[in-house]
Every structure is written in structure tokens, then in C-alpha cells.
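Data file: final-v3.txt. Format and content: compact mmCIF, C-alpha atoms.
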```txt
# COMPACT_ATOMS: atom_id res chain seq x y z
CA MET A 1 1.13 -40.37 19.67
CA ASP A 2 3.21 -39.79 16.52
CA SER A 3 6.52 -38.09 17.08
CA LEU A 4 7.19 -34.90 15.16
CA SER A 5 10.15 -34.75 12.80
CA PRO A 6 12.82 -32.12 13.55
CA ALA A 7 11.69 -30.18 10.45
CA ARG A 8 8.12 -29.96 11.73
CA LEU A 9 9.29 -28.94 15.19
CA ASP A 10 11.32 -26.14 13.58
CA ASP A 11 8.45 -25.04 11.35
CA PRO A 12 4.92 -25.88 12.53
CA LEU A 13 3.62 -24.39 9.27
CA ALA A 14 5.57 -26.87 7.11
CA PRO A 15 2.47 -28.88 6.10
CA ALA A 16 0.62 -25.66 5.28
CA ARG A 17 3.54 -24.50 3.13
CA GLU A 18 3.40 -27.60 0.99
CA ALA A 19 -0.39 -27.51 0.74
CA THR A 20 -0.32 -23.83 -0.23
CA ALA A 21 2.28 -24.37 -2.94
CA GLU A 22 0.29 -27.27 -4.34
CA MET A 23 -2.96 -25.28 -4.42
CA LEU A 24 -1.22 -22.45 -6.27
CA LYS A 25 0.33 -24.83 -8.77
CA GLN A 26 -3.00 -26.48 -9.45
CA ARG A 27 -5.33 -23.47 -9.39
CA GLN A 28 -7.26 -22.68 -12.55
CA HIS A 29 -5.82 -19.76 -14.52
CA ASN A 30 -7.92 -16.54 -14.42
CA TYR A 31 -10.08 -17.87 -11.57
CA SER A 32 -10.32 -16.63 -8.01
CA LEU A 33 -8.27 -18.38 -5.35
CA PRO A 34 -9.31 -21.45 -3.35
CA GLN A 35 -11.19 -20.73 -0.14
CA PRO A 36 -8.29 -21.14 2.37
CA PHE A 37 -6.48 -18.17 0.79
CA TYR A 38 -9.27 -15.93 2.06
CA ASN A 39 -10.07 -17.30 5.52
CA ASP A 40 -7.56 -19.85 6.86
CA GLU A 41 -5.45 -18.94 9.92
CA ARG A 42 -2.41 -20.91 8.70
CA LEU A 43 -2.50 -19.44 5.25
CA PHE A 44 -2.83 -15.96 6.75
CA ALA A 45 0.32 -16.67 8.77
CA LEU A 46 2.07 -17.59 5.51
CA ASP A 47 0.81 -14.39 3.86
CA MET A 48 2.41 -12.41 6.65
CA GLN A 49 5.68 -14.37 6.58
CA GLU A 50 6.11 -14.72 2.83
CA ILE A 51 4.51 -11.53 1.49
CA PHE A 52 4.26 -8.82 4.13
CA GLU A 53 7.55 -9.66 5.85
CA LYS A 54 9.48 -9.99 2.56
CA GLU A 55 8.10 -7.47 0.07
CA TRP A 56 8.44 -3.68 0.06
CA LEU A 57 5.49 -2.11 1.88
CA PHE A 58 4.19 1.44 1.56
CA ALA A 59 4.48 2.95 5.04
CA GLY A 60 3.83 6.70 4.73
CA MET A 61 5.08 9.96 3.23
CA THR A 62 8.39 11.69 3.85
CA SER A 63 6.48 14.95 4.40
CA GLU A 64 4.92 13.37 7.50
CA ILE A 65 8.32 13.31 9.22
CA PRO A 66 9.83 16.59 7.95
CA ALA A 67 12.36 17.33 10.72
CA LYS A 68 14.80 15.36 12.86
CA GLY A 69 13.05 13.45 15.61
CA ASN A 70 9.73 13.22 13.77
CA PHE A 71 8.59 9.59 13.74
CA MET A 72 5.72 7.39 12.62
CA THR A 73 4.91 3.81 13.55
CA LEU A 74 3.58 0.87 11.59
CA GLU A 75 2.35 -2.58 12.62
CA VAL A 76 3.29 -5.33 10.15
CA GLY A 77 1.38 -8.21 11.71
CA ASP A 78 3.15 -8.91 15.00
CA ASN A 79 6.10 -6.71 14.02
CA PRO A 80 5.98 -3.10 15.24
CA VAL A 81 8.16 -0.74 13.20
CA VAL A 82 9.25 2.84 13.87
CA ILE A 83 10.34 5.21 11.09
CA VAL A 84 12.22 8.31 12.17
CA ARG A 85 13.98 11.30 10.62
CA GLY A 86 17.56 11.21 11.89
CA ASN A 87 19.98 13.94 12.86
CA ASP A 88 21.50 13.59 9.40
CA GLY A 89 18.15 14.32 7.74
CA GLU A 90 17.92 10.73 6.50
CA VAL A 91 14.92 8.48 7.06
CA HIS A 92 15.71 5.48 9.27
CA ALA A 93 13.54 2.50 10.19
CA PHE A 94 13.89 0.05 13.06
CA HIS A 95 12.01 -2.72 14.73
CA ASN A 96 10.09 -0.80 17.38
CA VAL A 97 11.36 -3.17 20.06
CA CYS A 98 13.65 -2.33 22.97
CA ARG A 99 16.77 -4.49 23.15
CA HIS A 100 16.33 -4.86 26.92
CA ARG A 101 13.13 -6.86 27.40
CA GLY A 102 11.32 -6.24 24.15
CA SER A 103 8.89 -3.46 25.05
CA ARG A 104 7.66 -1.17 22.28
CA LEU A 105 9.55 2.11 22.26
CA CYS A 106 7.13 4.44 20.46
CA VAL A 107 3.50 3.78 21.32
CA THR A 108 1.74 6.51 19.31
CA ASP A 109 1.10 6.67 15.56
CA LYS A 110 3.22 9.80 15.14
CA GLY A 111 5.26 12.19 17.23
CA LYS A 112 8.54 13.98 17.76
CA VAL A 113 11.37 13.03 20.11
CA ALA A 114 14.92 14.08 20.86
CA LYS A 115 15.91 10.44 21.45
CA LEU A 116 14.09 7.13 21.33
CA VAL A 117 13.43 6.24 24.98
CA CYS A 118 11.86 3.00 26.13
CA PRO A 119 8.94 3.83 28.48
CA TYR A 120 9.57 0.65 30.52
CA HIS A 121 13.13 1.06 31.85
CA GLN A 122 14.28 4.21 30.02
CA TRP A 123 16.89 2.62 27.80
CA THR A 124 17.74 5.45 25.42
CA TYR A 125 18.65 5.22 21.75
CA GLU A 126 20.01 7.72 19.27
CA LEU A 127 17.86 8.46 16.20
CA ASP A 128 20.24 6.27 14.18
CA GLY A 129 19.47 3.30 16.47
CA ARG A 130 22.61 3.31 18.65
CA LEU A 131 22.04 2.52 22.32
CA LEU A 132 23.21 5.52 24.37
CA PHE A 133 22.08 4.72 27.91
CA ALA A 134 21.06 1.61 29.82
CA GLY A 135 21.87 2.72 33.39
CA THR A 136 24.58 1.40 35.67
CA GLU A 137 22.51 -1.60 36.66
CA MET A 138 23.66 -3.65 33.64
CA GLY A 139 27.19 -4.06 35.03
CA GLN A 140 30.64 -3.15 33.77
CA ALA A 141 30.79 -5.97 31.21
CA PHE A 142 27.72 -4.67 29.39
CA ASN A 143 28.54 -3.20 25.97
CA LEU A 144 26.17 -0.53 24.64
CA ALA A 145 27.39 -1.11 21.11
CA ASP A 146 26.04 -4.66 21.12
CA HIS A 147 22.46 -3.60 21.82
CA GLY A 148 21.44 -1.09 19.19
CA LEU A 149 18.00 -1.22 17.65
CA LYS A 150 17.54 -3.81 14.91
CA PRO A 151 17.25 -2.01 11.55
CA VAL A 152 14.51 -2.42 8.97
CA HIS A 153 15.21 -1.81 5.29
CA VAL A 154 13.83 1.60 4.30
CA ARG A 155 13.87 3.43 0.98
CA THR A 156 12.24 6.62 -0.26
CA GLY A 157 11.18 7.79 -3.70
CA GLY A 158 8.83 10.49 -4.94
CA GLY A 159 7.96 11.40 -1.35
CA PHE A 160 6.90 7.83 -0.50
CA ILE A 161 8.46 5.73 2.28
CA PHE A 162 8.76 1.97 1.80
CA VAL A 163 9.97 -0.59 4.32
CA SER A 164 10.91 -4.25 4.02
CA LEU A 165 11.35 -6.67 6.91
CA ALA A 166 13.20 -9.15 4.71
CA ASP A 167 16.74 -10.23 5.55
CA GLU A 168 17.62 -9.26 1.97
CA ALA A 169 15.12 -6.83 0.49
CA PRO A 170 14.05 -7.27 -3.14
CA ALA A 171 15.11 -4.76 -5.81
CA ILE A 172 13.20 -1.48 -5.84
CA ASP A 173 15.53 1.09 -7.45
CA GLY A 174 13.67 1.21 -10.77
CA PHE A 175 10.35 1.94 -9.11
CA LEU A 176 11.81 4.65 -6.88
CA GLU A 177 13.41 6.37 -9.87
CA THR A 178 10.07 6.23 -11.70
CA LEU A 179 8.28 7.75 -8.70
CA ASP A 180 10.84 10.55 -8.56
CA HIS A 181 10.19 11.30 -12.24
CA TYR A 182 6.39 11.25 -12.10
CA LEU A 183 6.11 13.18 -8.84
CA ALA A 184 8.82 15.81 -9.40
CA PRO A 185 6.23 18.50 -10.34
CA TYR A 186 4.47 17.99 -6.99
CA ASP A 187 7.40 19.06 -4.77
CA MET A 188 6.59 16.20 -2.45
CA GLU A 189 8.58 17.40 0.56
CA ASN A 190 6.33 20.46 0.72
CA LEU A 191 3.02 18.64 1.07
CA LYS A 192 1.09 17.91 4.25
CA VAL A 193 -1.64 15.54 5.35
CA ALA A 194 -4.84 17.58 5.41
CA VAL A 195 -6.99 14.78 6.79
CA GLU A 196 -6.63 11.05 7.46
CA SER A 197 -8.94 8.13 8.11
CA SER A 198 -8.58 4.44 8.92
CA ILE A 199 -11.34 1.88 8.62
CA VAL A 200 -11.29 -1.79 9.60
CA GLU A 201 -12.82 -4.07 6.97
CA GLN A 202 -14.01 -7.50 8.10
CA CYS A 203 -12.43 -9.31 5.17
CA ASN A 204 -9.15 -10.76 3.94
CA TRP A 205 -6.62 -8.25 2.60
CA LYS A 206 -6.64 -9.88 -0.84
CA LEU A 207 -10.35 -9.11 -1.21
CA VAL A 208 -9.58 -5.44 -0.53
CA LEU A 209 -6.98 -5.46 -3.31
CA GLU A 210 -9.14 -7.46 -5.71
CA ASN A 211 -11.98 -4.99 -5.24
CA ASN A 212 -9.64 -2.08 -5.95
CA ARG A 213 -8.17 -3.60 -9.09
CA GLU A 214 -11.40 -3.46 -11.09
CA CYS A 215 -14.20 -1.01 -11.78
CA TYR A 216 -16.61 -3.68 -13.01
CA HIS A 217 -18.57 -2.92 -9.84
CA CYS A 218 -18.30 0.89 -9.99
CA ASN A 219 -21.42 1.71 -11.96
CA GLY A 220 -23.65 -0.09 -9.48
CA ALA A 221 -21.79 0.88 -6.31
CA HIS A 222 -20.01 4.25 -6.52
CA PRO A 223 -22.27 7.13 -7.63
CA GLU A 224 -20.16 9.74 -5.82
CA LEU A 225 -16.90 8.52 -7.37
CA LEU A 226 -18.35 8.41 -10.87
CA ASN A 227 -19.13 12.13 -10.70
CA SER A 228 -15.49 12.58 -11.71
CA LEU A 229 -13.73 9.25 -12.32
CA GLN A 230 -13.38 7.42 -15.62
CA GLU A 231 -14.11 3.71 -15.17
CA PHE A 232 -10.94 2.82 -17.09
CA ASP A 233 -7.53 4.41 -17.54
CA ASP A 234 -6.05 2.87 -20.68
CA THR A 235 -6.95 3.58 -24.32
CA ASP A 236 -6.25 -0.12 -25.01
CA ASP A 237 -9.11 -1.04 -22.68
CA PRO A 238 -11.82 -2.72 -24.82
CA ARG A 239 -14.40 -0.47 -23.15
CA ALA A 240 -12.61 2.72 -24.24
CA THR A 241 -14.89 4.78 -26.47
CA PRO A 242 -13.82 7.08 -29.34
CA ALA A 243 -14.85 10.04 -27.15
CA TYR A 244 -12.56 8.83 -24.35
CA LYS A 245 -9.67 8.32 -26.74
CA ASP A 246 -10.16 11.84 -28.10
CA LEU A 247 -10.24 13.25 -24.55
CA VAL A 248 -7.01 11.40 -23.72
CA ALA A 249 -5.29 12.78 -26.81
CA ARG A 250 -6.32 16.36 -25.98
CA LYS A 251 -5.32 16.13 -22.32
CA GLN A 252 -2.01 14.43 -23.07
CA ALA A 253 -1.14 17.30 -25.42
CA ASP A 254 -1.83 19.74 -22.56
CA TRP A 255 0.25 17.70 -20.10
CA GLU A 256 3.10 17.43 -22.60
CA ALA A 257 3.14 21.22 -22.93
CA GLN A 258 3.29 21.55 -19.12
CA CYS A 259 6.06 18.92 -18.82
CA VAL A 260 3.85 16.77 -16.60
CA PRO A 261 4.59 13.02 -16.94
CA TYR A 262 1.63 10.92 -18.03
CA LYS A 263 2.65 7.80 -19.98
CA LEU A 264 1.51 4.38 -18.82
CA THR A 265 4.43 2.64 -17.13
CA ARG A 266 4.39 -0.93 -15.84
CA LEU A 267 7.24 -2.28 -13.75
CA ASP A 268 6.16 -5.93 -13.70
CA ARG A 269 2.72 -6.56 -12.24
CA ARG A 270 3.69 -5.09 -8.88
CA ASN A 271 3.95 -1.43 -9.93
CA ARG A 272 1.88 0.55 -12.40
CA LEU A 273 1.69 4.30 -13.06
CA THR A 274 -0.48 6.24 -15.51
CA ARG A 275 -2.09 9.66 -15.74
CA THR A 276 -5.63 9.51 -17.07
CA PRO A 277 -8.25 12.22 -17.55
CA LEU A 278 -11.16 12.63 -15.20
CA LEU A 279 -14.56 13.14 -16.79
CA ASP A 280 -14.47 15.99 -19.27
CA GLY A 281 -14.90 19.20 -17.28
CA ALA A 282 -13.90 17.68 -13.92
CA GLU A 283 -10.72 18.89 -12.22
CA SER A 284 -10.77 16.85 -9.04
CA MET A 285 -12.39 13.91 -7.26
CA THR A 286 -15.10 15.92 -5.55
CA MET A 287 -18.88 15.76 -5.60
CA ASP A 288 -19.11 18.48 -8.27
CA GLY A 289 -15.77 17.80 -9.99
CA LYS A 290 -14.39 21.17 -8.92
CA ARG A 291 -11.06 21.50 -7.14
CA ALA A 292 -11.06 20.75 -3.43
CA CYS A 293 -8.04 22.94 -2.69
CA GLN A 294 -7.50 26.37 -4.23
CA LYS A 295 -3.74 26.21 -3.73
CA LEU A 296 -2.23 23.78 -6.22
CA MET A 297 0.49 21.34 -5.26
CA GLY A 298 4.17 21.90 -6.00
CA ASN A 299 4.93 23.98 -9.09
CA LEU A 300 1.82 22.88 -10.97
CA GLN A 301 0.17 25.56 -13.09
CA SER A 302 -3.16 23.84 -13.71
CA ALA A 303 -5.63 21.83 -11.66
CA ASP A 304 -6.81 20.04 -14.80
CA LEU A 305 -4.30 17.19 -14.64
CA GLY A 306 -6.63 14.23 -14.44
CA SER A 307 -5.49 11.59 -11.96
CA LEU A 308 -2.00 10.14 -11.76
CA ARG A 309 -2.77 6.61 -10.61
CA ILE A 310 0.01 4.74 -8.83
CA LEU A 311 -0.24 1.08 -7.86
CA HIS A 312 2.25 -0.66 -5.57
CA LEU A 313 1.54 -4.23 -4.54
CA PRO A 314 0.89 -5.62 -2.04
CA ASN A 315 -0.54 -2.68 -0.12
CA SER A 316 -1.08 0.64 -1.86
CA TRP A 317 -2.92 2.53 -4.58
CA ASN A 318 -2.92 6.31 -5.04
CA HIS A 319 -4.48 9.22 -6.97
CA PHE A 320 -2.59 12.48 -7.59
CA MET A 321 -4.53 15.43 -9.02
CA GLY A 322 -3.51 19.05 -9.42
CA ASP A 323 -5.10 20.33 -6.23
CA HIS A 324 -4.75 17.39 -3.86
CA ALA A 325 -3.72 13.75 -3.67
CA LEU A 326 -4.98 10.57 -2.03
CA VAL A 327 -2.71 7.81 -0.78
CA PHE A 328 -4.06 4.49 0.43
CA ARG A 329 -2.37 1.89 2.64
CA VAL A 330 -3.66 -1.64 3.25
CA MET A 331 -2.44 -3.64 6.26
CA PRO A 332 -3.75 -7.10 7.24
CA ILE A 333 -4.58 -7.64 10.91
CA GLY A 334 -6.21 -11.07 10.70
CA PRO A 335 -7.39 -13.70 8.22
CA GLN A 336 -10.65 -11.79 7.82
CA GLN A 337 -9.70 -8.34 9.04
CA THR A 338 -7.85 -5.53 7.25
CA VAL A 339 -7.20 -1.87 8.06
CA VAL A 340 -7.36 0.60 5.15
CA THR A 341 -5.79 4.02 5.78
CA THR A 342 -6.53 6.98 3.50
CA LYS A 343 -4.59 10.25 3.57
CA TRP A 344 -5.56 13.42 1.72
CA LEU A 345 -2.50 15.53 0.82
CA VAL A 346 -2.34 19.24 -0.03
CA HIS A 347 0.33 21.93 -0.40
CA LYS A 348 1.87 22.58 3.01
CA ASP A 349 0.93 26.27 2.82
CA ALA A 350 -2.73 25.60 2.04
CA VAL A 351 -4.90 26.97 4.84
CA GLU A 352 -7.77 24.88 6.20
CA GLY A 353 -11.06 26.75 5.98
CA VAL A 354 -9.62 29.13 3.38
CA ASP A 355 -7.97 27.06 0.65
CA TYR A 356 -9.74 23.80 1.47
CA HIS A 357 -12.51 22.37 3.62
CA PRO A 358 -11.78 18.83 4.86
CA GLU A 359 -15.42 17.73 4.82
CA GLN A 360 -15.75 18.72 1.15
CA MET A 361 -12.39 17.20 0.22
CA ARG A 362 -13.06 13.81 1.78
CA LYS A 363 -16.74 13.32 0.94
CA VAL A 364 -16.27 11.27 -2.25
CA TRP A 365 -13.70 8.86 -0.87
CA ASP A 366 -15.34 8.52 2.54
CA ALA A 367 -18.42 7.30 0.68
CA THR A 368 -16.39 5.14 -1.72
CA ASN A 369 -14.33 3.54 1.06
CA ASP A 370 -17.48 2.64 2.98
CA GLN A 371 -19.13 1.23 -0.14
CA ASP A 372 -16.05 -0.85 -0.91
CA ARG A 373 -15.93 -2.04 2.71
CA ARG A 374 -19.48 -3.36 2.48
CA LEU A 375 -18.80 -5.03 -0.88
CA ALA A 376 -15.65 -6.74 0.36
CA GLU A 377 -17.30 -7.87 3.60
CA GLU A 378 -20.21 -9.41 1.71
CA ASN A 379 -17.67 -11.06 -0.60
CA GLN A 380 -15.97 -12.52 2.48
CA ARG A 381 -19.25 -13.83 3.93
CA GLY A 382 -20.03 -15.62 0.70
CA ILE A 383 -16.53 -17.08 0.37
CA ASN A 384 -16.85 -18.54 3.87
CA SER A 385 -19.76 -20.70 2.69
CA LYS A 386 -19.18 -24.39 2.07
CA SER A 387 -20.69 -23.81 -1.37
CA TYR A 388 -17.90 -21.46 -2.48
CA GLN A 389 -15.64 -22.53 -5.30
CA PRO A 390 -13.27 -20.35 -7.35
CA GLY A 391 -15.10 -18.40 -10.05
CA PRO A 392 -13.91 -16.93 -13.38
CA TYR A 393 -12.64 -13.38 -13.74
CA SER A 394 -13.60 -11.29 -16.77
CA GLU A 395 -10.45 -10.95 -18.90
CA THR A 396 -11.62 -7.50 -20.08
CA TYR A 397 -13.21 -5.91 -17.00
CA GLU A 398 -11.10 -7.69 -14.37
CA TYR A 399 -7.66 -7.90 -15.98
CA GLY A 400 -6.27 -5.89 -13.04
CA VAL A 401 -7.56 -8.53 -10.63
CA ILE A 402 -6.00 -11.26 -12.76
CA ASP A 403 -2.69 -9.40 -12.66
CA PHE A 404 -2.87 -9.05 -8.87
CA VAL A 405 -3.75 -12.70 -8.23
CA ASN A 406 -1.02 -13.84 -10.64
CA TRP A 407 1.50 -11.55 -8.92
CA TYR A 408 0.48 -12.87 -5.51
CA SER A 409 0.67 -16.49 -6.70
CA GLU A 410 4.07 -15.99 -8.27
CA ARG A 411 5.56 -14.22 -5.26
CA MET A 412 4.13 -16.74 -2.79
CA LEU A 413 5.43 -19.68 -4.82
CA GLU A 414 8.85 -18.13 -5.23
CA ASN A 415 9.13 -17.23 -1.56
CA LEU A 416 8.07 -20.77 -0.67
CA GLY A 417 10.78 -22.13 -2.96
CA HIS A 418 8.51 -23.22 -5.82
CA SER A 419 7.60 -21.88 -9.26
CA ARG A 420 4.88 -22.04 -11.87
CA PRO A 421 6.23 -21.44 -15.40
CA ASP A 422 2.98 -20.13 -16.91
CA LEU A 423 2.86 -17.29 -14.37
CA GLN A 424 6.43 -16.33 -15.14
CA LEU A 425 5.68 -16.31 -18.86
CA ALA A 426 2.61 -14.17 -18.28
CA ASN A 427 4.73 -11.73 -16.33
CA GLY A 428 7.11 -11.19 -19.23
```

Output the file's structure as C-alpha cells, nothing else.
Amino acid sequence: MDSLSPARLDDPLAPAREATAEMLKQRQHNYSLPQPFYNDERLFALDMQEIFEKEWLFAGMTSEIPAKGNFMTLEVGDNPVVIVRGNDGEVHAFHNVCRHRGSRLCVTDKGKVAKLVCPYHQWTYELDGRLLFAGTEMGQAFNLADHGLKPVHVRTGGGFIFVSLADEAPAIDGFLETLDHYLAPYDMENLKVAVESSIVEQCNWKLVLENNRECYHCNGAHPELLNSLQEFDDTDDPRATPAYKDLVARKQADWEAQCVPYKLTRLDRRNRLTRTPLLDGAESMTMDGKRACQKLMGNLQSADLGSLRILHLPNSWNHFMGDHALVFRVMPIGPQQTVVTTKWLVHKDAVEGVDYHPEQMRKVWDATNDQDRRLAEENQRGINSKSYQPGPYSETYEYGVIDFVNWYSERMLENLGHSRPDLQLANG
């Protein structure tokens, strides 16, 4: 039996790291990824270590934890995280792991507590993570100060909460400032979640993102969505018609007069924001294009604001309209299993059954999410075949997919300690 080198004993994924870097260096530009990126256990482990444990992840909204003691939890692979509003009003995040014997502290998705108390042996932590109580059983030499909760990087912007499990989190200030600017009219602290859903898709997380980054499939798959949505959101899109460009010009003049931000902003391939009109005459993403909530968000004066589309890789896309908003969170749970969470947001004073009806509000995206689930799962089944080989993306219809796959390739290579110059040039 061959003996393992010390390096391989320290890192059982070392061979997979080298193989992954080599596949990314050699992959054909503007083609889908090699099969292991979509179904291999080892490569999934690398995705979790090098992407989801190092990048900034969308976790939730600040309005979901409005007062001290409000918390939410998140599972980043095998890493449970708790996000809590502290006594100081600040948002804190910690590994949701007791410093005694490792039990999870908070076991529900959301809640409110006075202190963070481990249900196993009642070790008690302040909302800022300090250990307050461990009982007398630990002995006189035990020092509470040495056993506080381990912090997780957390930042907020525009009402969004982002966390990073990295030792040193990547830069995010520019994106947060941009979110603050675009979302200022929405008064984000005064929104609430009207309804929420989570679905488990039997496919790799990258297939979920790839499906989202193009509307090449929309005409044949999303009749409900296309009652209101434009298939593209950029007047430079080769599919953009003169009528669409005229609509954009008219709506942008209206938004300018209302001081509502709308310009297309790209912060590298990871973050993209733009406000684009819905179909002419549509105010919201509903079956009939009419508003889903009669009470508008924030200090908005009109429901006819199109959709502010916000992309944050690796795990979120969003639509903000005048009457309500949709935020989406993608979290991998296995090589071929992903949970997609959708939240519908409205003004906090909007009254269910009076200002909005949840079943009406969610109908379009419940249908769209289920359609996308089936598409992505069939994509996964085909990719698992021994006949699969990477196929070409359309540079016009699927440029968003190309951007995503290039971003993923670049970040994975960099985090693995490699580079590919053509990707870096494309990013410039």
C-alpha cells in the first residue's frame, strides 16, 4: 500500500484541487463546464470551501430582524450561522456552534431571544457573542472570556445582509454603497416579508444560476412571467427592438423626474443592477400586470417603476417594483441538490387581505420557480449521462451565463492559487 505524503494527509482534496484547476485552465471559452463541476462529490466540496466559505453570501434582510434579540439562521454547507440584532442595534453574525461541545445554539429559522442559550447544557451568550454563563461545573480556572462565540463577517447595505465565512473577507464596500443608493427610495427598514417559500431542486447550484442568467428559455417555459416581464433589460441587447428602446427612454424620463435610480451599473461580473421597464402597461409581476399591493413601498409615489434587477453572485437575484419586491437566495446542499428561497416584501404597514393577497402576489413566481426547477432538474439528468460534453453558449442570448461561468472560473482559480489571464482580461 502506497504511503500518503504529509500534504495529502493534511488535505485529502489535494488531487481534486489540481485536477479542478487544470480543467478550468483548459476549458473551452464560452462553453459549459466539464461534467464533474455539476455532479462530482469532491468538486462540490471544493465549491463549498473555495466559493461559499470565502465569498460574500446573501443571507436575508435587515427588516427580518428589526429589534434586539431578533435572529435568523443560515446553513452554509456544514456550517450553521446565526445572525442576530444586538443590544446596540447592530447586526452581528456568529458560527451557530456552542463553545462547550459544539451543539447548535439556535435551531429554528427565525426567532427572538434575550440571550443566546445552548439547549444542551445552557451555556449562555450575550447578543454580541460574549460567554456570560457556563455554570460552576467548569472549575475556577475556567475563563469565560476565552470561550465567546466565533464571529462571522457580516455587512449590510440597502437593507440586505451579507455574510462571509472567510478568514479575510473580500472587498464589498462599493457594492454596499451602490445598494444604499438604489434602494434609498424604498425605506428598506420599514418593509416586511409578506410570504416566503423554499423549494429543493435536484440539481447542482450552478445550473440554478445558469438558468437564471438567461431568458433564452423564457418564451417556451414561462407564460405567467411573460405577462409582465421583458425578456431583456439592456438597450444594448441585440434583441432590443425600437419599441423597447422608446419605452425605456420614456420610463427613464419618468424615473429621473421622481429621483428614482435606474442606470445600469456593473461592479465586475459579480454584481449588476439596472432598472428596466415591464411590458408597457404593466405595473407589477402579477398575472394581469396590475399591482399586487395597494400600499407602495417606502416614499415611492408611483407603482409604475418597472423592475430594479439586482444580481449578487454566487447566490442571489432580486426584483424591486413599486408595490412589492422579490428576493431570491440560492444555497447548495449537495452536488445535485440546491434550496432556492423566495421572499415577497411589502411595506410593513400593508395589511394582508386588504392591501395585498398573498395567493395573488405569489402566483407568477410560484409558477416560474417550479418551471425553472423542472428545467434545471432535466438539465442535471442530461449532464449526468456519459454522452455529455460541454456545449456552446449563445454570445447574444446567454451572455449572462457566460459572465457567471467566467466569474466562477476566475474565483475558483484564484482561490485555488491559480489564474487564467484571458478571464482576467475579459473581466476588465

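A straight line drawn from CA of Leu57 in chain A to CA of Leu74 in chain A is 10.3 Å long.
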
Polymer residues at most 9 Å from Leu209 in chain A, all atoms listed in the file, same-chain spacing of 2 or more positions, as a list in words = Trp205, Lys206, Leu207, Asn211, Asn212, Arg213, Leu313, Pro314, Asn315, Ser316, Val330, Val401 and Phe404 of chain A

task = May I have the protein, DNA and RNA residues with any atom at most 12 Å from the point (-10.9, -8.2, -19.3), counting only C-alpha atoms, written as a list in words?
result =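 Returned residue set, sorted by chain then number, is Asn30, Arg213, Glu214, Cys215, Tyr216, Phe232, Asp236, Asp237, Pro238, Arg239, Pro392, Tyr393, Ser394, Glu395, Thr396, Tyr397, Glu398, Tyr399, Gly400, Val401, Ile402 and Asp403 of chain A.
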
task = To one decimal in Å, tell me the separation between CA of Arg101 in chain A and CA of Tyr120 in chain A.
result =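 Interatomic distance, CA of Arg101 in chain A to CA of Tyr120 in chain A: 8.9 Å.
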
May I have the residues within 7 Å of range 93-97 of chain A as a compact mmCIF listing (two decimals) with C-alpha atoms, in the frame of the given file, using all atoms listed in the file and disregarding those fewer than 5 positions away in the same chain?
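Contents of the output file out_18.txt:
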```
# COMPACT_ATOMS: atom_id res chain seq x y z
CA PRO A 80 5.98 -3.10 15.24
CA VAL A 81 8.16 -0.74 13.20
CA VAL A 82 9.25 2.84 13.87
CA ILE A 83 10.34 5.21 11.09
CA VAL A 84 12.22 8.31 12.17
CA GLY A 102 11.32 -6.24 24.15
CA SER A 103 8.89 -3.46 25.05
CA ARG A 104 7.66 -1.17 22.28
CA LEU A 105 9.55 2.11 22.26
CA CYS A 106 7.13 4.44 20.46
CA LEU A 149 18.00 -1.22 17.65
CA LYS A 150 17.54 -3.81 14.91
CA PRO A 151 17.25 -2.01 11.55
CA VAL A 152 14.51 -2.42 8.97
CA HIS A 153 15.21 -1.81 5.29
CA VAL A 154 13.83 1.60 4.30
```

query = Near range 372-387 of chain A, within 8 Å and counting all atoms listed in the file, which residues show up once chain neighbours fewer than 4 positions away are dropped, as an MDAnalysis selection string?
reply = chainID A and resid 35 38:39 201:204 207:208 211 336 368

Coordinates-based distance that separates CA of Trp365 in chain A from CA of Ala221 in chain A (Å, one decimal) =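 These two atoms are separated by 12.6 Å.
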
query = Any idea what's packed within 12 Å of Glu90 in chain A, counting all atoms listed in the file, ignoring anything in its chain fewer than 2 positions away? Could you give it as a PyMOL selection string?
reply = chain A and resi 62+65-71+83-88+92-93+127-128+154-156+161
